[in-house]
>>> print(open('target_10.cif').read())   # mmCIF, C-alpha atoms
data_query
loop_
_atom_site.label_atom_id
_atom_site.label_comp_id
_atom_site.auth_asym_id
_atom_site.auth_seq_id
_atom_site.Cartn_x
_atom_site.Cartn_y
_atom_site.Cartn_z
CA MET A 1 61.67 18.57 26.97
CA LYS A 2 63.83 17.15 24.24
CA GLN A 3 62.61 13.77 23.06
CA ALA A 4 62.99 11.62 19.97
CA LEU A 5 59.63 10.41 18.70
CA GLU A 6 60.87 7.29 16.98
CA THR A 7 59.75 3.71 17.02
CA VAL A 8 62.16 1.39 18.80
CA VAL A 9 64.10 -0.35 16.03
CA LYS A 10 64.55 -3.66 17.86
CA PRO A 11 62.25 -6.09 16.01
CA LEU A 12 59.54 -7.96 17.88
CA PRO A 13 60.09 -11.73 17.51
CA ASP A 14 57.25 -13.24 15.50
CA HIS A 15 57.15 -16.42 17.60
CA LEU A 16 56.15 -14.29 20.61
CA PHE A 17 53.85 -11.72 19.01
CA THR A 18 51.28 -11.19 16.32
CA LEU A 19 51.57 -7.70 14.82
CA LEU A 20 48.29 -5.80 14.51
CA GLU A 21 48.36 -2.38 12.82
CA GLY A 22 51.73 -1.58 14.40
CA ASN A 23 50.80 -3.02 17.79
CA ALA A 24 51.93 -6.36 19.16
CA GLU A 25 49.68 -9.06 20.60
CA MET A 26 51.23 -11.67 22.87
CA ARG A 27 50.93 -15.22 21.58
CA TRP A 28 49.53 -17.36 24.38
CA GLU A 29 51.71 -20.34 23.52
CA ALA A 30 54.69 -18.10 24.34
CA MET A 31 53.54 -18.11 27.99
CA ALA A 32 53.73 -21.91 28.24
CA GLY A 33 56.27 -22.86 30.90
CA GLU A 34 56.67 -19.27 32.09
CA GLY A 35 56.07 -18.19 35.67
CA TYR A 36 53.31 -16.05 37.06
CA HIS A 37 54.48 -12.81 35.42
CA THR A 38 54.59 -12.02 31.72
CA PRO A 39 58.25 -11.53 30.73
CA ASN A 40 58.94 -8.05 29.39
CA ASP A 41 59.84 -9.46 25.98
CA ARG A 42 56.40 -11.09 25.74
CA PHE A 43 54.27 -8.24 27.12
CA PHE A 44 51.81 -6.88 24.54
CA VAL A 45 52.42 -3.41 23.06
CA ARG A 46 49.64 -0.91 22.37
CA ASN A 47 50.58 2.58 21.14
CA HIS A 48 48.41 5.29 19.64
CA THR A 49 51.37 6.80 17.77
CA SER A 50 55.00 5.74 18.28
CA THR A 51 57.32 5.01 21.18
CA PRO A 52 59.10 8.14 22.44
CA LEU A 53 62.70 7.77 23.58
CA ILE A 54 62.94 10.01 26.64
CA ASP A 55 66.07 11.06 28.50
CA ALA A 56 65.51 10.41 32.22
CA ALA A 57 68.01 13.16 33.09
CA THR A 58 65.79 15.85 31.55
CA TRP A 59 62.39 14.25 32.17
CA ARG A 60 60.02 15.98 34.59
CA LEU A 61 56.62 15.05 35.99
CA ARG A 62 54.35 18.01 36.77
CA LEU A 63 51.35 17.80 39.11
CA HIS A 64 49.07 20.83 39.02
CA GLY A 65 45.52 22.13 38.73
CA PRO A 66 42.77 23.67 40.88
CA GLY A 67 42.32 20.40 42.77
CA VAL A 68 45.68 20.72 44.57
CA ARG A 69 47.02 23.48 46.80
CA HIS A 70 50.54 23.42 45.36
CA SER A 71 51.92 22.69 41.90
CA ARG A 72 54.75 20.20 42.13
CA THR A 73 57.42 19.11 39.66
CA TYR A 74 59.48 15.96 40.18
CA ASP A 75 62.54 14.65 38.40
CA TYR A 76 63.46 11.01 37.96
CA ARG A 77 65.84 10.86 40.93
CA GLN A 78 63.22 12.39 43.20
CA LEU A 79 60.64 9.84 42.06
CA LEU A 80 62.99 6.94 42.78
CA ALA A 81 63.73 8.32 46.28
CA MET A 82 60.06 8.45 47.34
CA PRO A 83 58.22 5.76 49.37
CA ALA A 84 57.63 2.88 46.96
CA ARG A 85 55.19 0.01 46.63
CA THR A 86 55.33 -3.16 44.53
CA VAL A 87 52.18 -4.68 43.03
CA ASP A 88 51.43 -7.69 40.84
CA THR A 89 48.69 -6.62 38.47
CA ALA A 90 47.46 -6.91 34.91
CA ILE A 91 47.32 -4.30 32.19
CA GLU A 92 44.85 -5.21 29.46
CA CYS A 93 43.73 -3.45 26.30
CA ALA A 94 40.05 -2.46 26.34
CA GLY A 95 39.65 -4.21 22.98
CA ASN A 96 41.15 -7.53 24.06
CA GLY A 97 39.09 -10.30 22.46
CA ARG A 98 37.57 -7.96 19.85
CA ARG A 99 38.10 -10.30 16.89
CA PHE A 100 35.78 -12.91 18.43
CA TYR A 101 32.79 -10.67 17.81
CA ASP A 102 33.51 -11.55 14.19
CA VAL A 103 35.07 -15.02 14.05
CA GLN A 104 32.86 -16.51 16.77
CA GLN A 105 29.63 -14.47 16.80
CA HIS A 106 29.73 -13.36 13.11
CA ASP A 107 29.04 -9.74 14.05
CA PRO A 108 32.25 -7.79 13.32
CA VAL A 109 33.12 -4.53 15.03
CA PRO A 110 35.73 -1.91 14.02
CA GLY A 111 39.10 -1.51 15.68
CA ILE A 112 42.29 -3.50 16.15
CA GLN A 113 41.33 -7.16 15.91
CA TRP A 114 42.91 -8.48 19.11
CA GLY A 115 42.60 -12.12 20.05
CA LEU A 116 43.16 -12.70 23.77
CA GLY A 117 46.81 -11.59 23.84
CA GLY A 118 46.24 -7.93 24.64
CA ILE A 119 47.03 -8.55 28.31
CA GLY A 120 50.06 -9.02 30.53
CA VAL A 121 50.75 -9.31 34.25
CA ALA A 122 53.92 -7.74 35.61
CA ARG A 123 55.46 -6.92 38.96
CA TRP A 124 55.33 -3.13 38.96
CA ARG A 125 57.24 -0.91 41.38
CA GLY A 126 56.68 2.78 41.88
CA VAL A 127 55.22 5.55 44.01
CA PRO A 128 51.55 5.40 45.05
CA LEU A 129 49.71 8.20 43.26
CA SER A 130 48.05 8.97 46.58
CA HIS A 131 51.46 9.98 47.98
CA LEU A 132 52.02 12.52 45.20
CA LEU A 133 48.50 13.92 45.53
CA GLN A 134 48.87 14.32 49.28
CA HIS A 135 52.28 15.94 48.79
CA ALA A 136 50.67 18.50 46.47
CA GLY A 137 47.88 19.18 48.98
CA LEU A 138 44.84 17.46 47.48
CA ARG A 139 41.77 19.62 48.01
CA PRO A 140 38.51 18.11 49.30
CA ASP A 141 36.65 19.33 46.19
CA ALA A 142 39.03 17.57 43.77
CA VAL A 143 37.16 15.41 41.25
CA ASP A 144 39.43 13.99 38.54
CA VAL A 145 43.10 13.45 37.82
CA VAL A 146 43.96 13.91 34.12
CA PRO A 147 47.32 12.31 33.28
CA ARG A 148 48.97 13.15 29.95
CA GLY A 149 51.41 11.04 27.98
CA LEU A 150 54.54 12.35 26.24
CA ASP A 151 54.07 10.34 23.06
CA ALA A 152 53.30 12.27 19.88
CA PRO A 153 49.85 13.86 19.51
CA PHE A 154 47.30 11.48 18.02
CA GLU A 155 45.80 12.99 14.85
CA GLU A 156 43.86 16.13 15.78
CA TYR A 157 43.09 14.90 19.30
CA GLY A 158 46.35 15.90 20.97
CA HIS A 159 48.35 13.96 23.55
CA VAL A 160 46.80 10.84 25.05
CA ARG A 161 45.05 11.71 28.31
CA ARG A 162 42.37 9.84 30.19
CA PRO A 163 40.58 11.23 33.30
CA LEU A 164 40.73 9.16 36.46
CA PRO A 165 38.35 9.74 39.40
CA VAL A 166 40.11 10.93 42.54
CA GLY A 167 38.63 8.02 44.50
CA LYS A 168 40.40 5.50 42.28
CA ALA A 169 43.57 7.62 42.14
CA MET A 170 43.78 7.62 45.94
CA ASP A 171 43.06 3.91 46.20
CA ASP A 172 45.55 1.68 44.40
CA VAL A 173 47.05 3.56 41.43
CA LEU A 174 50.83 3.50 41.03
CA VAL A 175 53.23 5.87 39.28
CA ALA A 176 55.47 3.02 38.16
CA TYR A 177 59.11 3.23 37.11
CA GLU A 178 60.01 -0.47 37.22
CA MET A 179 58.62 -3.55 35.45
CA ASN A 180 59.59 -7.06 36.54
CA GLY A 181 62.64 -5.82 38.41
CA VAL A 182 64.11 -3.51 35.76
CA PRO A 183 63.44 0.08 34.63
CA LEU A 184 60.43 0.35 32.35
CA PRO A 185 61.33 -0.56 28.75
CA PRO A 186 60.62 2.28 26.27
CA ASP A 187 57.61 0.46 24.78
CA HIS A 188 56.09 0.20 28.25
CA GLY A 189 56.39 3.78 29.38
CA PHE A 190 59.93 4.73 30.42
CA PRO A 191 60.64 6.68 32.52
CA ALA A 192 57.27 6.52 34.33
CA ARG A 193 53.71 5.39 33.69
CA LEU A 194 50.48 4.94 35.57
CA VAL A 195 49.38 1.45 36.58
CA VAL A 196 45.64 1.34 37.29
CA PRO A 197 44.70 -2.13 38.60
CA GLY A 198 41.54 -3.69 37.18
CA TRP A 199 40.79 -0.88 34.72
CA VAL A 200 41.11 -0.82 30.95
CA GLY A 201 44.65 -0.31 29.71
CA ILE A 202 44.05 3.22 28.40
CA ALA A 203 43.85 4.38 32.04
CA SER A 204 47.46 3.30 32.61
CA ILE A 205 48.97 6.23 30.71
CA LYS A 206 52.52 5.60 29.49
CA TRP A 207 55.41 8.13 29.27
CA LEU A 208 53.76 10.22 31.96
CA GLY A 209 54.48 13.95 31.63
CA ASP A 210 51.96 15.81 33.74
CA MET A 211 48.81 15.31 35.77
CA GLU A 212 46.14 17.95 36.17
CA VAL A 213 43.79 17.67 39.15
CA THR A 214 40.38 19.19 38.42
CA THR A 215 37.49 20.32 40.59
CA GLU A 216 34.95 19.43 37.90
CA GLU A 217 34.37 16.25 35.92
CA ALA A 218 36.95 16.14 33.13
CA PHE A 219 36.36 15.19 29.51
CA THR A 220 38.95 14.33 26.86
CA PRO A 221 38.76 12.43 23.55
CA TRP A 222 39.87 9.34 25.49
CA ASN A 223 36.70 9.14 27.57
CA THR A 224 34.28 10.59 25.00
CA VAL A 225 35.29 9.81 21.40
CA PHE A 226 37.35 6.76 22.41
CA TYR A 227 36.73 4.35 25.29
CA PRO A 228 33.47 5.96 26.49
CA GLU A 229 31.95 4.46 29.62
CA VAL A 230 34.51 1.67 30.05
CA THR A 231 36.41 1.25 33.28
CA THR A 232 36.81 -2.23 34.78
CA GLN A 233 37.54 -5.32 32.71
CA PRO A 234 35.27 -8.40 32.55
CA VAL A 235 36.09 -12.08 33.17
CA ARG A 236 38.19 -13.84 30.52
CA SER A 237 40.12 -17.09 30.08
CA ALA A 238 42.81 -18.29 27.68
CA PHE A 239 44.65 -21.54 27.00
CA GLU A 240 48.45 -21.52 26.78
CA VAL A 241 48.05 -23.43 23.54
CA ALA A 242 48.60 -22.30 19.96
CA TRP A 243 45.54 -21.63 17.83
CA ASN A 244 44.88 -24.81 15.80
CA ALA A 245 47.59 -26.64 17.74
CA THR A 246 48.24 -30.30 16.94
CA ILE A 247 47.69 -32.76 19.81
CA THR A 248 48.13 -36.53 19.64
CA VAL A 249 45.44 -39.07 20.46
CA GLY A 250 45.72 -40.55 23.93
CA GLY A 251 47.70 -38.92 26.65
CA PRO A 252 46.82 -37.62 29.10
CA HIS A 253 47.99 -34.20 28.00
CA ILE A 254 48.18 -31.48 30.64
CA LEU A 255 46.68 -28.28 29.27
CA HIS A 256 47.50 -24.98 30.96
CA GLY A 257 45.77 -21.63 30.90
CA ARG A 258 44.94 -18.50 32.86
CA SER A 259 41.77 -16.64 33.85
CA TRP A 260 41.35 -13.08 35.11
CA SER A 261 38.85 -10.35 35.93
CA GLY A 262 38.97 -6.64 36.70
CA ASN A 263 36.31 -7.10 39.37
CA GLY A 264 38.06 -9.50 41.71
CA ARG A 265 39.82 -12.81 42.12
CA ILE A 266 38.92 -15.87 40.07
CA VAL A 267 37.21 -18.48 42.26
CA ARG A 268 36.38 -21.21 39.71
CA VAL A 269 37.48 -22.33 36.24
CA GLU A 270 35.65 -25.00 34.24
CA ILE A 271 36.79 -26.69 31.03
CA SER A 272 34.78 -28.35 28.28
CA PHE A 273 36.13 -30.63 25.55
CA ASP A 274 32.75 -31.38 23.93
CA GLY A 275 31.41 -28.03 22.81
CA GLY A 276 29.96 -27.08 26.17
CA LEU A 277 27.84 -30.19 26.78
CA THR A 278 29.83 -31.11 29.90
CA TRP A 279 32.26 -29.20 32.09
CA GLN A 280 35.12 -30.24 34.38
CA GLN A 281 36.70 -28.11 37.06
CA ALA A 282 40.31 -27.15 36.39
CA GLU A 283 42.99 -27.42 39.06
CA HIS A 284 45.05 -24.47 40.25
CA HIS A 285 47.54 -23.34 42.86
CA GLY A 286 49.44 -20.21 43.88
CA HIS A 287 46.82 -18.59 46.11
CA HIS A 288 49.21 -15.86 47.27
CA LEU A 289 49.26 -14.33 43.77
CA VAL A 290 45.85 -15.05 42.28
CA GLY A 291 44.67 -11.44 42.44
CA ALA A 292 46.04 -10.55 39.00
CA TRP A 293 45.18 -13.77 37.16
CA LEU A 294 44.78 -17.42 38.05
CA PRO A 295 46.97 -20.04 36.33
CA TRP A 296 45.21 -23.40 36.03
CA HIS A 297 45.69 -26.81 34.42
CA ILE A 298 43.68 -29.87 33.47
CA GLY A 299 44.37 -33.31 32.01
CA TRP A 300 42.90 -34.38 28.67
CA ALA A 301 43.18 -37.70 26.83
CA PRO A 302 41.41 -37.31 23.45
CA GLN A 303 40.25 -40.62 22.01
CA ARG A 304 39.58 -39.76 18.38
CA PRO A 305 41.49 -37.83 15.73
CA GLY A 306 40.04 -34.79 14.04
CA PRO A 307 39.08 -31.22 14.92
CA HIS A 308 38.22 -30.47 18.55
CA VAL A 309 37.28 -27.33 20.46
CA LEU A 310 38.64 -26.36 23.86
CA MET A 311 36.50 -24.09 26.05
CA ALA A 312 37.32 -22.46 29.39
CA ARG A 313 34.94 -20.41 31.51
CA ALA A 314 35.78 -18.64 34.75
CA THR A 315 33.83 -17.14 37.63
CA ASP A 316 35.16 -14.27 39.73
CA GLU A 317 34.49 -13.42 43.37
CA SER A 318 31.72 -10.99 42.39
CA GLY A 319 29.80 -13.95 40.94
CA ALA A 320 30.30 -12.97 37.30
CA THR A 321 30.73 -15.98 34.99
CA GLN A 322 31.73 -15.95 31.34
CA PRO A 323 28.65 -16.39 29.11
CA LEU A 324 28.51 -18.41 25.90
CA ILE A 325 27.50 -15.29 23.92
CA THR A 326 28.11 -11.65 24.76
CA PRO A 327 26.03 -8.72 23.44
CA ARG A 328 27.61 -6.66 20.67
CA GLN A 329 29.52 -3.61 21.87
CA ALA A 330 29.84 -0.88 19.24
CA PHE A 331 33.56 -0.30 19.87
CA GLY A 332 34.39 -3.98 20.35
CA TYR A 333 35.10 -3.72 24.06
CA HIS A 334 34.23 -6.21 26.82
CA PHE A 335 34.12 -9.44 24.85
CA ASP A 336 33.78 -11.84 27.78
CA ALA A 337 32.14 -14.88 26.18
CA VAL A 338 33.78 -18.29 26.39
CA VAL A 339 36.23 -18.50 23.49
CA ARG A 340 36.06 -21.61 21.31
CA HIS A 341 39.71 -22.59 20.88
CA PRO A 342 40.27 -25.00 17.93
CA VAL A 343 42.87 -27.80 18.03
CA GLN A 344 43.60 -30.73 15.75
CA VAL A 345 43.93 -34.20 17.29
CA VAL A 346 46.11 -36.57 15.25
CA LEU A 347 47.34 -40.13 15.54
CA GLY A 348 50.72 -40.31 17.28
#
>>> encode(input="target_10.cif", output="structure tokens")
Amino acid sequence: MKQALETVVKPLPDHLFTLLEGNAEMRWEAMAGEGYHTPNDRFFVRNHTSTPLIDAATWRLRLHGPGVRHSRTYDYRQLLAMPARTVDTAIECAGNGRRFYDVQQHDPVPGIQWGLGGIGVARWRGVPLSHLLQHAGLRPDAVDVVPRGLDAPFEEYGHVRRPLPVGKAMDDVLVAYEMNGVPLPPDHGFPARLVVPGWVGIASIKWLGDMEVTTEEAFTPWNTVFYPEVTTQPVRSAFEVAWNATITVGGPHILHGRSWSGNGRIVRVEISFDGGLTWQQAEHHGHHLVGAWLPWHIGWAPQRPGPHVLMARATDESGATQPLITPRQAFGYHFDAVVRHPVQVVLG
């Protein structure tokens, strides 16, 4: 397949993103006033190499391996003509929140130092992966699906590929070709990508080129060297407020934020304005969409100028609640502690 392995030249606006080693973290204040979904121009970007520019007319998706009875190859038009499903779900980098191991718990870990902006929720449309697997004649002894991306090989490790258990693949995984009502932008996987709800972002392989179905457990650098033993994402919360934002005394000010979990819906969000001594329950609405993340709001009328700390903690339907401290993880994954968000209160 002919492809141009070049970075998209359109610059990322610095009021929407923070650039981190060539990747782009969404700034949470850029979500203020937005709807439930993250606009495409605000959605974080995580690449291992560079964004490939792929011609949909020559692109092919190959499904093969000992776990299926028939090898199948699909072109873009065929994919668009198949039975489709639309889902509202998050994609989140496994290292989201990594920098707080350092700045909050004073125990730094290596890797891209994401704040909380390595996440986005979009309305994805595509073909259920289960449909493609059934069309290829999934065998009862199939174990893993190994999708491979068409971006450039990463160092000596080859193309990005991350095994996915057949049980998850047959459940809710999508081969997506549309993001928020338009074809996938190049940075987000055009012409097709996987969308794996609830799992770490590396599972949602972009620029999908082929998928091998194995009859034995599969191992690649992306589940051994990188991202070992990480699947679902923990509970997290973020304020739609700039870091060190300035807020005037009095009010009340209505503060907005969002909470999410890879293990189920958010059932409660509590806010503290006094360093965790007391907590107040946040208000929320939009129950028909709260599976991906839960938008919430709360009123605050600060009475004294000076530095203050905002804290939000969420509980999901599994009963998991954000702790005040989270154990160190060697790769910087799964930071789920309550983040201490600094603001400055000033006289109006």
>>> residues_around(input="target_10.cif", residues="Ala90 (chain A)", least_positions_apart="2", cutoff="6 Å", atoms="only C-alpha atoms", output="CSV table (one decimal) with C-alpha atoms, keeping the file's coordinate frame")
chain,number,residue,atom,x,y,z
A,120,GLY,CA,50.1,-9.0,30.5
A,121,VAL,CA,50.8,-9.3,34.2
A,292,ALA,CA,46.0,-10.6,39.0
>>> residues_near_point(input="target_10.cif", point="(40.2, 15.7, 41.1)", cutoff="10 Å", atoms="only C-alpha atoms", output="list in words")
Gly65, Pro66, Gly67, Val68, Leu133, Leu138, Arg139, Pro140, Asp141, Ala142, Val143, Asp144, Val145, Val146, Pro163, Leu164, Pro165, Val166, Gly167, Ala169, Glu212, Val213, Thr214, Thr215, Glu216, Glu217 and Ala218 of chain A
>>> resolve_selection(input="target_10.cif", expression="the PyMOL selection byres ((chain A and resi 345) around 9)", output="NGL selection string")
:A and (245-249 or 302-308 or 343-344 or 346-347)
>>> atom_distance(input="target_10.cif", atom1="CA of Arg46 (chain A)", atom2="CA of Ile112 (chain A)")
10.0 Å
>>> closest_residue(input="target_10.cif", among="A:Glu240, A:Asp41, A:Asp171, A:Glu155", to="Leu184 (chain A)", atoms="all atoms listed in the file")
A:Asp41
>>> resolve_selection(input="target_10.cif", expression="the PyMOL selection byres ((chain A and resi 198) around 12)", output="ChimeraX atom specification")
/A:88-94,119,121,168,171-173,195-197,199-204,230-235,260-265,291-293
>>> closest_residue(input="target_10.cif", among="A:Leu61, A:Ala330, A:Leu208, A:Val269", to="Ala192 (chain A)", atoms="only C-alpha atoms")
A:Leu208
>>> atom_distance(input="target_10.cif", atom1="CA of His341 (chain A)", atom2="CA of Tyr36 (chain A)")
22.1 Å
>>> atom_distance(input="target_10.cif", atom1="CA of Val103 (chain A)", atom2="CA of Val339 (chain A)")
10.1 Å
>>> closest_residue(input="target_10.cif", among="A:Ala136, A:Ala81, A:Ala242, A:Leu255", to="Met26 (chain A)", atoms="all atoms listed in the file")
A:Ala242
>>> closest_residue(input="target_10.cif", among="A:Ser50, A:Arg60, A:Thr73, A:Gln113", to="Glu25 (chain A)", atoms="only C-alpha atoms")
A:Gln113
>>> closest_residue(input="target_10.cif", among="A:Gly276, A:Gly209, A:Gly117, A:Gly299", to="Ile254 (chain A)", atoms="only C-alpha atoms")
A:Gly299
>>> resolve_selection(input="target_10.cif", expression="the PyMOL selection byres ((chain A and resi 340) around 7)", output="PyMOL selection string")
chain A and resi 309-311+338-339+341-342
>>> residues_around(input="target_10.cif", residues="Asp107 (chain A)", least_positions_apart="3", cutoff="10 Å", atoms="only C-alpha atoms", output="list in words")
Arg99, Phe100, Tyr101, Asp102, Val103, Gln104, Pro327, Arg328 and Gln329 of chain A
>>> closest_residue(input="target_10.cif", among="A:Glu29, A:Asp336, A:Asp75, A:Glu156", to="Ala312 (chain A)", atoms="only C-alpha atoms")
A:Asp336
>>> residues_around(input="target_10.cif", residues="Pro191 (chain A)", least_positions_apart="3", cutoff="7 Å", atoms="only C-alpha atoms", output="list in words")
Ala56, Tyr177, Leu184 and Trp207 of chain A
>>> write_last_selection(input="target_10.cif", atoms="C-alpha atoms", output="PDB file, in the frame of the given file")
ATOM      1  CA  ALA A  56      65.510  10.410  32.220  1.00  0.00           C
ATOM      2  CA  TYR A 177      59.110   3.230  37.110  1.00  0.00           C
ATOM      3  CA  LEU A 184      60.430   0.350  32.350  1.00  0.00           C
ATOM      4  CA  TRP A 207      55.410   8.130  29.270  1.00  0.00           C
TER       5      TRP A 207
END
>>> build_atoms(input="target_10.cif", residues="region 312-325 of chain A", atoms="N, CA, C and O atoms", output="PDB file, keeping the file's coordinate frame")
ATOM      1  N   ALA A 312      37.049 -22.737  27.975  1.00  0.00           N
ATOM      2  CA  ALA A 312      37.320 -22.460  29.390  1.00  0.00           C
ATOM      3  C   ALA A 312      36.420 -21.315  29.830  1.00  0.00           C
ATOM      4  O   ALA A 312      36.321 -20.297  29.136  1.00  0.00           O
ATOM      5  N   ARG A 313      35.750 -21.499  30.963  1.00  0.00           N
ATOM      6  CA  ARG A 313      34.940 -20.410  31.510  1.00  0.00           C
ATOM      7  C   ARG A 313      35.288 -20.224  32.988  1.00  0.00           C
ATOM      8  O   ARG A 313      35.470 -21.178  33.729  1.00  0.00           O
ATOM      9  N   ALA A 314      35.376 -18.978  33.386  1.00  0.00           N
ATOM     10  CA  ALA A 314      35.780 -18.640  34.750  1.00  0.00           C
ATOM     11  C   ALA A 314      34.689 -17.853  35.444  1.00  0.00           C
ATOM     12  O   ALA A 314      33.845 -17.211  34.810  1.00  0.00           O
ATOM     13  N   THR A 315      34.731 -17.908  36.770  1.00  0.00           N
ATOM     14  CA  THR A 315      33.830 -17.140  37.630  1.00  0.00           C
ATOM     15  C   THR A 315      34.689 -16.350  38.609  1.00  0.00           C
ATOM     16  O   THR A 315      35.626 -16.905  39.202  1.00  0.00           O
ATOM     17  N   ASP A 316      34.380 -15.059  38.774  1.00  0.00           N
ATOM     18  CA  ASP A 316      35.160 -14.270  39.730  1.00  0.00           C
ATOM     19  C   ASP A 316      34.408 -14.125  41.049  1.00  0.00           C
ATOM     20  O   ASP A 316      33.275 -14.586  41.198  1.00  0.00           O
ATOM     21  N   GLU A 317      35.054 -13.492  42.031  1.00  0.00           N
ATOM     22  CA  GLU A 317      34.490 -13.420  43.370  1.00  0.00           C
ATOM     23  C   GLU A 317      33.241 -12.560  43.450  1.00  0.00           C
ATOM     24  O   GLU A 317      32.508 -12.629  44.435  1.00  0.00           O
ATOM     25  N   SER A 318      32.966 -11.754  42.423  1.00  0.00           N
ATOM     26  CA  SER A 318      31.720 -10.990  42.390  1.00  0.00           C
ATOM     27  C   SER A 318      30.541 -11.839  41.931  1.00  0.00           C
ATOM     28  O   SER A 318      29.392 -11.390  41.986  1.00  0.00           O
ATOM     29  N   GLY A 319      30.830 -13.068  41.448  1.00  0.00           N
ATOM     30  CA  GLY A 319      29.800 -13.950  40.940  1.00  0.00           C
ATOM     31  C   GLY A 319      29.641 -13.924  39.435  1.00  0.00           C
ATOM     32  O   GLY A 319      28.859 -14.689  38.873  1.00  0.00           O
ATOM     33  N   ALA A 320      30.382 -13.052  38.755  1.00  0.00           N
ATOM     34  CA  ALA A 320      30.300 -12.970  37.300  1.00  0.00           C
ATOM     35  C   ALA A 320      30.956 -14.182  36.664  1.00  0.00           C
ATOM     36  O   ALA A 320      32.085 -14.543  37.014  1.00  0.00           O
ATOM     37  N   THR A 321      30.242 -14.818  35.719  1.00  0.00           N
ATOM     38  CA  THR A 321      30.730 -15.980  34.990  1.00  0.00           C
ATOM     39  C   THR A 321      30.712 -15.671  33.502  1.00  0.00           C
ATOM     40  O   THR A 321      29.790 -15.008  33.010  1.00  0.00           O
ATOM     41  N   GLN A 322      31.694 -16.169  32.787  1.00  0.00           N
ATOM     42  CA  GLN A 322      31.730 -15.950  31.340  1.00  0.00           C
ATOM     43  C   GLN A 322      30.505 -16.584  30.677  1.00  0.00           C
ATOM     44  O   GLN A 322      30.220 -17.763  30.883  1.00  0.00           O
ATOM     45  N   PRO A 323      29.786 -15.833  29.841  1.00  0.00           N
ATOM     46  CA  PRO A 323      28.650 -16.390  29.110  1.00  0.00           C
ATOM     47  C   PRO A 323      29.113 -17.114  27.849  1.00  0.00           C
ATOM     48  O   PRO A 323      30.289 -17.046  27.475  1.00  0.00           O
ATOM     49  N   LEU A 324      28.193 -17.787  27.179  1.00  0.00           N
ATOM     50  CA  LEU A 324      28.510 -18.410  25.900  1.00  0.00           C
ATOM     51  C   LEU A 324      28.441 -17.398  24.754  1.00  0.00           C
ATOM     52  O   LEU A 324      29.109 -17.553  23.731  1.00  0.00           O
ATOM     53  N   ILE A 325      27.626 -16.364  24.916  1.00  0.00           N
ATOM     54  CA  ILE A 325      27.500 -15.290  23.920  1.00  0.00           C
ATOM     55  C   ILE A 325      27.477 -13.971  24.679  1.00  0.00           C
ATOM     56  O   ILE A 325      26.873 -13.872  25.750  1.00  0.00           O
TER      57      ILE A 325
END
